[in-house]
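Participant: Here you go, this is data-v2.cif (mmCIF, C-alpha atoms).
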```cif
data_coords
#
loop_
_atom_site.label_atom_id
_atom_site.label_comp_id
_atom_site.auth_asym_id
_atom_site.auth_seq_id
_atom_site.Cartn_x
_atom_site.Cartn_y
_atom_site.Cartn_z
CA MET M 1346 118.99 85.46 93.46
CA LYS M 1347 118.45 84.88 97.20
CA LYS M 1348 116.06 87.83 97.38
CA VAL M 1349 114.02 86.52 94.45
CA GLY M 1350 113.81 83.10 96.10
CA LEU M 1351 112.65 84.64 99.38
CA LEU M 1352 110.02 86.78 97.69
CA THR M 1353 108.69 83.85 95.67
CA THR M 1354 108.39 81.72 98.79
CA LEU M 1355 106.48 84.46 100.59
CA LEU M 1356 104.15 84.89 97.61
CA VAL M 1357 103.36 81.17 97.37
CA LEU M 1358 102.76 80.91 101.12
CA GLY M 1359 100.51 83.95 101.06
CA LEU M 1360 98.38 82.66 98.21
CA SER M 1361 98.06 79.21 99.75
CA CYS M 1362 96.92 80.86 103.00
CA ALA M 1363 94.08 82.49 101.10
CA ALA M 1364 93.19 79.17 99.50
CA PHE M 1365 93.19 77.35 102.84
CA ALA M 1366 91.07 80.01 104.45
CA ALA M 1367 88.52 79.83 101.68
CA ASP M 1368 88.37 76.02 101.84
CA ALA M 1369 88.08 75.90 105.58
CA ALA M 1370 85.28 78.45 105.61
CA THR M 1371 83.03 76.66 103.16
CA GLY M 1372 82.95 72.90 102.97
CA GLY M 1373 81.52 72.87 99.44
CA ASP M 1374 78.47 75.14 99.89
CA ALA M 1375 77.14 76.55 96.61
CA LYS M 1376 76.68 80.13 97.80
CA SER M 1377 80.14 80.39 99.21
CA SER M 1378 81.69 78.99 96.04
CA ALA M 1379 80.15 81.99 94.34
CA VAL M 1380 81.79 84.23 96.92
CA GLN M 1381 85.04 82.32 96.32
CA PHE M 1382 84.75 83.26 92.65
CA PHE M 1383 84.68 86.91 93.56
CA LEU M 1384 87.57 86.39 95.97
CA TYR M 1385 89.74 84.99 93.24
CA SER M 1386 88.58 87.68 90.83
CA ALA M 1387 89.71 90.33 93.27
CA ILE M 1388 93.09 88.63 93.73
CA ALA M 1389 93.45 88.33 89.96
CA ALA M 1390 92.59 91.99 89.43
CA GLY M 1391 95.20 93.14 91.92
CA LEU M 1392 97.87 90.82 90.54
CA ALA M 1393 97.10 91.94 86.97
CA ILE M 1394 98.00 95.53 87.69
CA ALA M 1395 101.03 94.58 89.78
CA ILE M 1396 102.60 92.40 87.10
CA ALA M 1397 101.68 94.83 84.31
CA ALA M 1398 103.23 97.76 86.15
CA HIS M 1399 106.34 95.63 86.71
CA GLY M 1400 106.89 94.98 83.01
CA CYS M 1401 105.81 98.49 82.00
CA GLY M 1402 108.30 100.07 84.39
CA ILE M 1403 111.18 98.03 83.01
CA GLY M 1404 110.20 98.72 79.40
CA GLN M 1405 109.75 102.43 79.85
CA GLY M 1406 113.01 102.63 81.77
CA MET M 1407 114.82 101.12 78.81
CA ALA M 1408 113.11 103.56 76.45
CA VAL M 1409 114.12 106.56 78.53
CA ARG M 1410 117.67 105.21 78.84
CA GLY M 1411 117.99 105.04 75.07
CA ALA M 1412 116.59 108.54 74.69
CA VAL M 1413 118.87 110.07 77.33
CA GLU M 1414 121.92 108.37 75.82
CA GLY M 1415 120.93 109.75 72.41
CA ILE M 1416 120.58 113.26 73.77
CA ALA M 1417 123.88 112.98 75.64
CA ARG M 1418 125.61 112.05 72.41
CA ASN M 1419 123.97 114.70 70.29
CA PRO M 1420 122.28 117.51 72.21
CA GLU M 1421 121.09 119.20 69.00
CA ALA M 1422 118.75 116.30 68.22
CA SER M 1423 117.05 116.55 71.60
CA GLY M 1424 113.72 117.74 70.12
CA LYS M 1425 113.27 114.78 67.79
CA VAL M 1426 114.59 112.31 70.34
CA THR M 1427 112.16 113.57 72.96
CA VAL M 1428 109.17 113.31 70.62
CA THR M 1429 110.12 109.78 69.62
CA MET M 1430 110.65 108.83 73.25
CA LEU M 1431 107.18 110.12 74.21
CA ILE M 1432 105.58 108.16 71.40
CA GLY M 1433 107.40 105.00 72.50
CA LEU M 1434 106.41 105.55 76.13
CA ALA M 1435 102.74 105.85 75.18
CA MET M 1436 102.93 102.61 73.20
CA ILE M 1437 104.51 100.72 76.11
CA GLU M 1438 102.04 102.22 78.55
CA SER M 1439 99.13 100.97 76.48
CA LEU M 1440 100.06 97.38 77.37
CA SER M 1441 99.68 98.23 81.03
CA ILE M 1442 96.37 99.90 80.22
CA TYR M 1443 95.10 96.64 78.68
CA ALA M 1444 95.79 94.91 82.01
CA LEU M 1445 93.98 97.74 83.81
CA VAL M 1446 90.91 97.26 81.61
CA ILE M 1447 90.85 93.55 82.40
CA ALA M 1448 91.11 94.33 86.12
CA LEU M 1449 88.26 96.85 85.85
CA ILE M 1450 86.13 94.27 84.02
CA LEU M 1451 86.83 91.71 86.75
CA ILE M 1452 85.85 94.08 89.53
CA TYR M 1453 83.00 96.15 88.12
CA ALA M 1454 81.59 94.23 85.18
CA ASN M 1455 82.28 90.66 86.14
CA PRO M 1456 80.84 88.58 83.30
CA VAL M 1457 79.20 86.05 85.62
CA SER M 1458 78.17 88.53 88.29
CA LYS M 1459 74.48 88.59 87.28
CA ALA M 1460 74.20 84.80 87.28
CA ILE M 1461 76.01 84.57 90.58
CA GLY M 1462 74.01 87.41 92.07
CA ALA M 1463 70.74 85.73 91.17
CA PHE M 1464 72.04 82.47 92.58
CA VAL M 1465 73.19 84.02 95.84
CA GLY M 1466 69.92 85.91 96.18
CA LEU M 1467 70.98 89.52 95.68
CA PRO M 1468 68.21 91.90 94.47
CA GLN M 1469 68.67 92.35 90.71
CA MET G 1234 80.35 103.01 92.10
CA GLU G 1235 78.39 106.07 93.02
CA HIS G 1236 76.93 108.20 90.24
CA PRO G 1237 78.89 111.34 89.42
CA ILE G 1238 77.16 114.71 89.46
CA LEU G 1239 77.01 116.03 85.89
CA PHE G 1240 75.79 119.43 84.78
CA ILE G 1241 73.95 118.17 81.72
CA ASN G 1242 72.08 115.59 83.78
CA LEU G 1243 71.07 118.28 86.27
CA LEU G 1244 69.96 120.52 83.41
CA LEU G 1245 67.89 117.74 81.89
CA GLU G 1246 66.28 116.94 85.24
CA LYS G 1247 65.33 120.61 85.59
CA LEU G 1248 63.74 120.45 82.13
CA GLY G 1249 61.75 117.44 83.25
CA ILE G 1250 63.59 114.75 81.27
CA HIS G 1251 64.63 111.82 83.41
CA VAL G 1252 68.05 110.36 82.57
CA PRO G 1253 67.97 106.60 83.21
CA ALA G 1254 71.01 105.01 84.80
CA GLU G 1255 70.49 101.75 82.92
CA PRO G 1256 69.17 102.60 79.44
CA HIS G 1257 66.72 100.27 77.75
CA THR G 1258 65.02 102.43 75.12
CA PHE G 1259 66.48 104.42 72.23
CA THR G 1260 65.89 107.77 73.92
CA GLY G 1261 67.37 106.25 77.07
CA TYR G 1262 70.56 105.60 75.14
CA LEU G 1263 70.44 109.09 73.61
CA LEU G 1264 70.36 110.70 77.03
CA GLN G 1265 73.43 108.92 78.34
CA PRO G 1266 76.25 111.27 79.38
CA HIS G 1267 78.66 110.12 76.70
CA VAL G 1268 76.16 111.09 73.98
CA THR G 1269 75.04 114.41 75.45
CA TYR G 1270 78.59 115.52 76.13
CA THR G 1271 79.51 114.61 72.56
CA TRP G 1272 76.90 117.15 71.49
CA VAL G 1273 78.47 119.70 73.85
CA ILE G 1274 81.87 119.12 72.26
CA MET G 1275 80.40 119.31 68.75
CA ALA G 1276 78.82 122.66 69.59
CA LEU G 1277 82.09 123.88 71.12
CA LEU G 1278 84.19 122.90 68.10
CA VAL G 1279 81.72 124.39 65.60
CA ILE G 1280 81.59 127.66 67.52
CA LEU G 1281 85.39 127.79 67.79
CA SER G 1282 85.91 127.22 64.08
CA VAL G 1283 83.23 129.73 63.09
CA LEU G 1284 84.85 132.32 65.32
CA ALA G 1285 88.32 131.60 63.95
CA ALA G 1286 87.32 131.72 60.29
CA ARG G 1287 84.92 134.62 60.51
CA SER G 1288 86.91 137.40 58.89
CA LEU G 1289 89.90 135.89 57.17
CA LYS G 1290 92.77 138.30 56.64
CA MET G 1291 95.78 137.91 54.39
CA VAL G 1292 98.11 138.58 57.31
CA PRO G 1293 96.55 136.57 60.11
CA GLU G 1294 96.32 137.75 63.66
CA GLY G 1295 94.86 136.45 66.90
CA GLY G 1296 92.68 133.35 66.73
CA GLN G 1297 93.19 132.87 63.00
CA ASN G 1298 96.97 132.91 63.51
CA PHE G 1299 96.82 130.30 66.24
CA PHE G 1300 94.59 127.97 64.28
CA GLU G 1301 96.63 128.38 61.12
CA LEU G 1302 99.73 127.37 63.06
CA VAL G 1303 98.06 124.32 64.52
CA ILE G 1304 96.41 123.16 61.32
CA THR G 1305 99.42 123.60 59.08
CA GLY G 1306 101.57 121.93 61.71
CA ILE G 1307 99.34 118.85 61.76
CA GLU G 1308 99.03 118.82 57.98
CA ASP G 1309 102.78 118.97 57.38
CA PHE G 1310 103.33 116.26 59.98
CA MET G 1311 100.73 114.09 58.30
CA VAL G 1312 102.07 114.55 54.78
CA GLY G 1313 105.49 113.66 56.14
CA ILE G 1314 104.13 110.27 57.19
CA THR G 1315 101.60 109.35 54.52
CA GLY G 1316 103.18 111.10 51.56
CA GLU G 1317 101.55 113.58 49.21
CA GLU G 1318 98.79 111.17 48.12
CA GLY G 1319 97.43 111.05 51.65
CA ARG G 1320 96.78 114.78 51.90
CA PHE G 1321 93.06 114.43 51.21
CA MET G 1322 92.63 112.36 54.39
CA PHE G 1323 93.73 115.30 56.51
CA PRO G 1324 90.21 116.54 57.49
CA LEU G 1325 89.34 113.14 58.98
CA ILE G 1326 92.53 112.94 61.00
CA ALA G 1327 92.32 116.54 62.21
CA SER G 1328 88.64 116.22 63.15
CA LEU G 1329 89.31 113.05 65.09
CA GLY G 1330 92.29 114.69 66.75
CA PHE G 1331 90.41 117.79 67.84
CA PHE G 1332 87.41 115.78 68.99
CA ILE G 1333 89.50 113.38 71.06
CA LEU G 1334 91.61 116.22 72.50
CA CYS G 1335 88.59 118.29 73.54
CA SER G 1336 86.74 115.33 74.97
CA ASN G 1337 89.82 114.22 76.95
CA TYR G 1338 90.12 117.71 78.42
CA ILE G 1339 86.46 118.24 79.19
CA GLY G 1340 86.50 115.35 81.68
CA VAL G 1341 89.08 117.06 83.86
CA ILE G 1342 86.62 119.86 84.66
CA PRO G 1343 84.48 118.83 87.62
CA GLY G 1344 80.85 118.41 86.63
CA PHE G 1345 81.62 117.28 83.08
CA ALA G 1346 82.25 113.79 81.72
CA SER G 1347 84.49 112.70 78.86
CA PRO G 1348 82.73 110.95 76.01
CA THR G 1349 85.98 109.07 75.40
CA ALA G 1350 85.78 107.60 78.90
CA ASN G 1351 83.18 105.26 77.40
CA LEU G 1352 84.16 102.30 75.26
CA ASN G 1353 81.37 103.09 72.77
CA THR G 1354 82.88 106.41 71.69
CA THR G 1355 86.42 105.15 71.40
CA GLY G 1356 85.24 102.02 69.62
CA ALA G 1357 83.42 104.19 67.10
CA CYS G 1358 86.53 106.30 66.44
CA ALA G 1359 88.71 103.20 66.04
CA LEU G 1360 86.20 101.51 63.72
CA ILE G 1361 86.07 104.61 61.51
CA VAL G 1362 89.86 104.61 61.18
CA VAL G 1363 90.20 100.90 60.40
CA VAL G 1364 87.32 100.87 57.89
CA MET G 1365 88.86 103.91 56.17
CA THR G 1366 92.15 102.01 55.98
CA HIS G 1367 90.52 99.30 53.90
CA VAL G 1368 88.55 101.80 51.81
CA LEU G 1369 91.81 103.60 51.05
CA GLY G 1370 93.52 100.35 50.14
CA VAL G 1371 90.79 99.37 47.72
CA LYS G 1372 90.66 102.89 46.29
CA PHE G 1373 94.39 103.04 45.61
CA HIS G 1374 95.05 99.46 44.56
CA GLY G 1375 91.74 97.99 43.50
CA ILE G 1376 91.56 94.21 43.81
CA LYS G 1377 95.35 94.01 44.15
CA TYR G 1378 94.90 95.28 47.73
CA VAL G 1379 94.72 91.61 48.75
CA LYS G 1380 98.45 91.38 48.02
CA HIS G 1381 99.02 93.44 51.15
CA PHE G 1382 97.83 90.46 53.18
CA MET G 1383 99.77 87.81 51.33
CA GLY G 1384 103.28 88.29 52.57
CA PRO G 1385 106.52 88.50 50.61
CA VAL G 1386 106.45 85.05 48.93
CA TRP G 1387 103.40 83.13 47.70
CA TRP G 1388 103.97 79.92 49.66
CA LEU G 1389 103.91 81.75 53.00
CA THR G 1390 100.35 82.97 52.37
CA PRO G 1391 98.44 80.33 54.47
CA LEU G 1392 100.59 81.39 57.41
CA ILE G 1393 100.65 85.16 56.86
CA LEU G 1394 96.99 85.68 55.88
CA PRO G 1395 95.38 84.73 59.25
CA ILE G 1396 98.09 86.69 61.07
CA GLU G 1397 97.37 89.80 59.01
CA ILE G 1398 93.60 89.49 59.49
CA VAL G 1399 93.95 89.05 63.24
CA GLY G 1400 96.39 91.95 63.25
CA HIS G 1401 93.85 94.21 61.58
CA ILE G 1402 91.13 93.20 64.02
CA SER G 1403 93.51 93.82 66.90
CA ARG G 1404 94.09 97.34 65.56
CA VAL G 1405 90.46 98.16 66.36
CA LEU G 1406 90.80 96.68 69.83
CA SER G 1407 94.11 98.34 70.62
CA LEU G 1408 93.12 101.81 69.38
CA SER G 1409 89.85 101.82 71.28
CA ILE G 1410 91.04 100.20 74.50
CA ARG G 1411 94.20 102.32 74.72
CA LEU G 1412 92.21 105.55 74.59
CA PHE G 1413 89.38 104.23 76.77
CA GLY G 1414 91.69 102.81 79.42
CA ASN G 1415 93.75 105.98 79.71
CA ILE G 1416 90.83 108.37 79.99
CA PHE G 1417 88.55 106.17 82.10
CA GLY G 1418 91.40 105.31 84.45
CA GLU G 1419 92.13 108.99 84.84
CA GLU G 1420 88.51 109.75 85.69
CA LEU G 1421 88.36 106.83 88.13
CA VAL G 1422 91.48 107.99 89.97
CA LEU G 1423 90.15 111.57 90.08
CA SER G 1424 86.82 110.48 91.55
CA ILE G 1425 88.46 108.20 94.11
CA LEU G 1426 90.92 110.90 95.19
CA PHE G 1427 88.11 113.42 95.37
CA PHE G 1428 86.16 111.03 97.56
CA LEU G 1429 89.16 110.37 99.79
CA ALA G 1430 90.75 113.78 100.25
CA GLY G 1431 88.81 116.30 98.20
CA LEU G 1432 89.11 119.16 100.65
CA TYR G 1433 92.90 118.96 100.65
CA LEU G 1434 93.06 119.44 96.86
CA ALA G 1435 94.45 115.94 96.38
CA PRO G 1436 93.06 115.53 92.82
CA VAL G 1437 94.96 118.56 91.49
CA PRO G 1438 98.28 116.77 90.67
CA MET G 1439 96.28 114.02 88.99
CA MET G 1440 94.44 116.65 86.97
CA LEU G 1441 97.76 118.01 85.70
CA LEU G 1442 98.80 114.48 84.78
CA GLY G 1443 95.42 114.08 83.08
CA LEU G 1444 96.06 117.13 80.91
CA PHE G 1445 99.41 115.66 79.88
CA THR G 1446 98.11 112.18 79.05
CA GLY G 1447 95.01 113.58 77.33
CA PHE G 1448 97.15 115.43 74.81
CA ILE G 1449 99.49 112.48 74.34
CA GLN G 1450 96.64 110.01 73.77
CA ALA G 1451 95.01 112.23 71.16
CA PHE G 1452 98.38 112.62 69.44
CA ILE G 1453 99.05 108.87 69.55
CA PHE G 1454 95.61 108.10 68.11
CA CYS G 1455 96.19 110.45 65.19
CA LEU G 1456 99.74 109.22 64.66
CA LEU G 1457 98.66 105.58 64.53
CA SER G 1458 95.80 106.44 62.16
CA MET G 1459 98.25 108.21 59.86
CA MET G 1460 100.57 105.20 59.94
CA TYR G 1461 97.73 102.81 59.13
CA PHE G 1462 96.68 105.02 56.21
CA ALA G 1463 100.27 105.16 55.01
CA GLY G 1464 100.50 101.37 55.20
CA ALA G 1465 97.38 101.00 53.07
CA ILE G 1466 98.44 103.57 50.48
CA GLU G 1467 101.97 102.32 49.90
CA HIS G 1468 102.75 99.38 47.64
CA ALA G 1469 103.09 95.98 49.25
CA HIS G 1470 106.64 94.76 49.78
#
```
Write out the structure in this file as structure tokens.
Facilitator:
Amino acid sequence: MKKVGLLTTLLVLGLSCAAFAADAATGGDAKSSAVQFFLYSAIAAGLAIAIAAHGCGIGQGMAVRGAVEGIARNPEASGKVTVTMLIGLAMIESLSIYALVIALILIYANPVSKAIGAFVGLPQ
Amino acid sequence: MEHPILFINLLLEKLGIHVPAEPHTFTGYLLQPHVTYTWVIMALLVILSVLAARSLKMVPEGGQNFFELVITGIEDFMVGITGEEGRFMFPLIASLGFFILCSNYIGVIPGFASPTANLNTTGACALIVVVMTHVLGVKFHGIKYVKHFMGPVWWLTPLILPIEIVGHISRVLSLSIRLFGNIFGEELVLSILFFLAGLYLAPVPMMLLGLFTGFIQAFIFCLLSMMYFAGAIEHAH
């Protein structure tokens, strides 16, 4: 519990540092608010994968635990148990893949990137 | 992202056809790598099957033996899930399976691109499967297919019907995005590793992992399609 509290405090402080830095650098300019949008998109993309990998690791660990316990009980069923375990792992992994796709969209195909790019003055 | 070097694009440039990076015309879309490599895989699969079925013997040997093993294995697995009435859907499932498997593997070879690394291809495969689910339901049950969406008791229908419809739409999304995310993520990691440490053979472990996940994703796609077909064929609870 103490470790979780320490990590949460560090996370909140770190994020608020980013927010303060962004605010201090701009002062409400329109161009830099566009850059701020990309800043937060990048943070969101990184956090998406981190949290998704977190949950995916726990879920897949439970799946493998069940499979290994089944094989330990009944080594003759190891073929079927392994196939079922692999199917379950692929299903759990697909949730993490959805988060990856959102992160890729945020970085490479940002839905407002064209509007922001035209606003900021990038060559289209 | 920098453009990858693809053999088909180089071949087309040599023939004088310019492949646009951002397509705007119909031929521009036809020349995109995910379309041209689909043709490559189609040619590969047709040639393989012609070679395997050329001189059929009663006691098979060589290529015919291998393909008989694979095809009867998939067919028995499928009939185990959908039941005997679903046997006629086997060519669709096996074609999808072979196409997705070959296109997952062709992206691992440097200089080639996977068609399934593009959301258009995977979306097309997923749409085919989900539309066939409904066609099968109507074919087997007629108008009573609507009972599949109504839930176990009649007064739960206003709650269950939107959930079932959203669930069916999410099947398209989940099938396509699962396959796309796996294969495109694999290609992205391979290109980044190649850029970072290509001379030290850093992409090779990721290529082995890519072979593993390519097979598993093709298998999962076919398994889920079989389960959707089985759900449409069976009687509603």
Participant: Could you tell me which of G:Phe1448, G:Met1459, G:Ile1416, G:Val1268 comes closest to M:Ile1442 if we count all atoms listed in the file?
Facilitator: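 Using all atoms listed in the file, the shortest distance to M:Ile1442 belongs to G:Ile1416.
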Participant: Please provide the set of residues having any atom within 12 Å of G:Val1379, restricted to only C-alpha atoms, with same-chain residues fewer than 3 positions apart removed, written as a PyMOL selection string.
Facilitator: chain G and resi 1367+1370-1371+1373-1376+1382-1384+1390+1393-1394+1397-1398+1465+1468-1469
Participant: How would you write, as a VMD selection string, the residues chosen by the PyMOL selection byres ((chain G) within 10 of (chain M)) on this structure?
Facilitator: chain G and resid 1234 1406 to 1408 1410 to 1415 1417 to 1418 1446 1449 to 1450 1452 to 1453 1456
Participant: Please report the interatomic distance between atom CA of M:Gly1411 and atom CA of G:Leu1441 in Å with one decimal.
Facilitator: 26.3 Å
Participant: Evaluated on this file, the PyMOL selection byres ((chain G and resi 1366) around 10) picks out some residues - which ones are they, written as a PyMOL selection string?
Facilitator: chain G and resi 1360-1365+1367-1372+1401+1458-1466
Participant: One number please: atom CA of M:Thr1429 to atom CA of G:Tyr1338, in Å, one decimal.
Facilitator: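 Spanning atom CA of M:Thr1429 to atom CA of G:Tyr1338 is a straight-line distance of 23.2 Å.
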Participant: Please list, as a short mmCIF file (atom, residue, chain, number, x, y, z; two decimals) with C-alpha atoms, keeping the file's coordinate frame, the residues that have an atom at most 12 Å away from (86.9, 117.3, 75.2) in the coordinates of this file, counting all atoms listed in the file.
Facilitator:
```
data_model
loop_
_atom_site.label_atom_id
_atom_site.label_comp_id
_atom_site.auth_asym_id
_atom_site.auth_seq_id
_atom_site.Cartn_x
_atom_site.Cartn_y
_atom_site.Cartn_z
CA HIS G 1267 78.66 110.12 76.70
CA TYR G 1270 78.59 115.52 76.13
CA THR G 1271 79.51 114.61 72.56
CA TRP G 1272 76.90 117.15 71.49
CA VAL G 1273 78.47 119.70 73.85
CA ILE G 1274 81.87 119.12 72.26
CA MET G 1275 80.40 119.31 68.75
CA ALA G 1276 78.82 122.66 69.59
CA LEU G 1277 82.09 123.88 71.12
CA LEU G 1278 84.19 122.90 68.10
CA LEU G 1329 89.31 113.05 65.09
CA GLY G 1330 92.29 114.69 66.75
CA PHE G 1331 90.41 117.79 67.84
CA PHE G 1332 87.41 115.78 68.99
CA ILE G 1333 89.50 113.38 71.06
CA LEU G 1334 91.61 116.22 72.50
CA CYS G 1335 88.59 118.29 73.54
CA SER G 1336 86.74 115.33 74.97
CA ASN G 1337 89.82 114.22 76.95
CA TYR G 1338 90.12 117.71 78.42
CA ILE G 1339 86.46 118.24 79.19
CA GLY G 1340 86.50 115.35 81.68
CA VAL G 1341 89.08 117.06 83.86
CA ILE G 1342 86.62 119.86 84.66
CA PHE G 1345 81.62 117.28 83.08
CA ALA G 1346 82.25 113.79 81.72
CA SER G 1347 84.49 112.70 78.86
CA PRO G 1348 82.73 110.95 76.01
CA THR G 1349 85.98 109.07 75.40
CA ALA G 1350 85.78 107.60 78.90
CA ILE G 1416 90.83 108.37 79.99
CA LEU G 1444 96.06 117.13 80.91
CA GLY G 1447 95.01 113.58 77.33
CA PHE G 1448 97.15 115.43 74.81
CA ALA G 1451 95.01 112.23 71.16
#
```
Participant: Find, counting only C-alpha atoms, the residue in M:Leu1451, M:Val1457, M:Ala1412, M:Val1428 that gets nearest to M:Ile1388.
Facilitator: M:Leu1451
Participant: Check what the PyMOL selection byres ((chain M and resi 1389) around 12) selects in the file above and give those residues as a PyMOL selection string.
Facilitator: chain M and resi 1360+1382-1388+1390-1397+1444-1445+1447-1452
Participant: Suppose you want the space between atom CA of G:Ser1282 and atom CA of G:Phe1300; what is it in Å?
Facilitator: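 Calculated distance between atom CA of G:Ser1282 and atom CA of G:Phe1300 is 8.7 Å.
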Participant: List the neighbours of G:Thr1269 out to 9 Å using all atoms listed in the file; skip same-chain residues closer than 6 positions along the sequence, and give me the result as a list of chain:residue names.
Facilitator: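 Final neighbour list, sorted by chain and number: G:Ile1241, G:Asn1242, G:Leu1263, G:Pro1348.
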Participant: Residues at most 10 Å from M:Arg1410, counting all atoms listed in the file, excluding those fewer than 6 positions away in the same chain, as a ChimeraX atom specification?
Facilitator: /M:1404,1416,1430
Participant: Quick one: residues within 12 Å of G:Pro1237, only C-alpha atoms counted, chain neighbours fewer than 5 positions away excluded, as a list of chain:residue names?
Facilitator: G:Asn1242, G:Leu1243, G:Ala1254, G:Pro1266, G:Gly1340, G:Pro1343, G:Gly1344, G:Phe1345, G:Ala1346, G:Glu1420, G:Leu1421, G:Leu1423, G:Ser1424, G:Ile1425, G:Phe1427, G:Phe1428
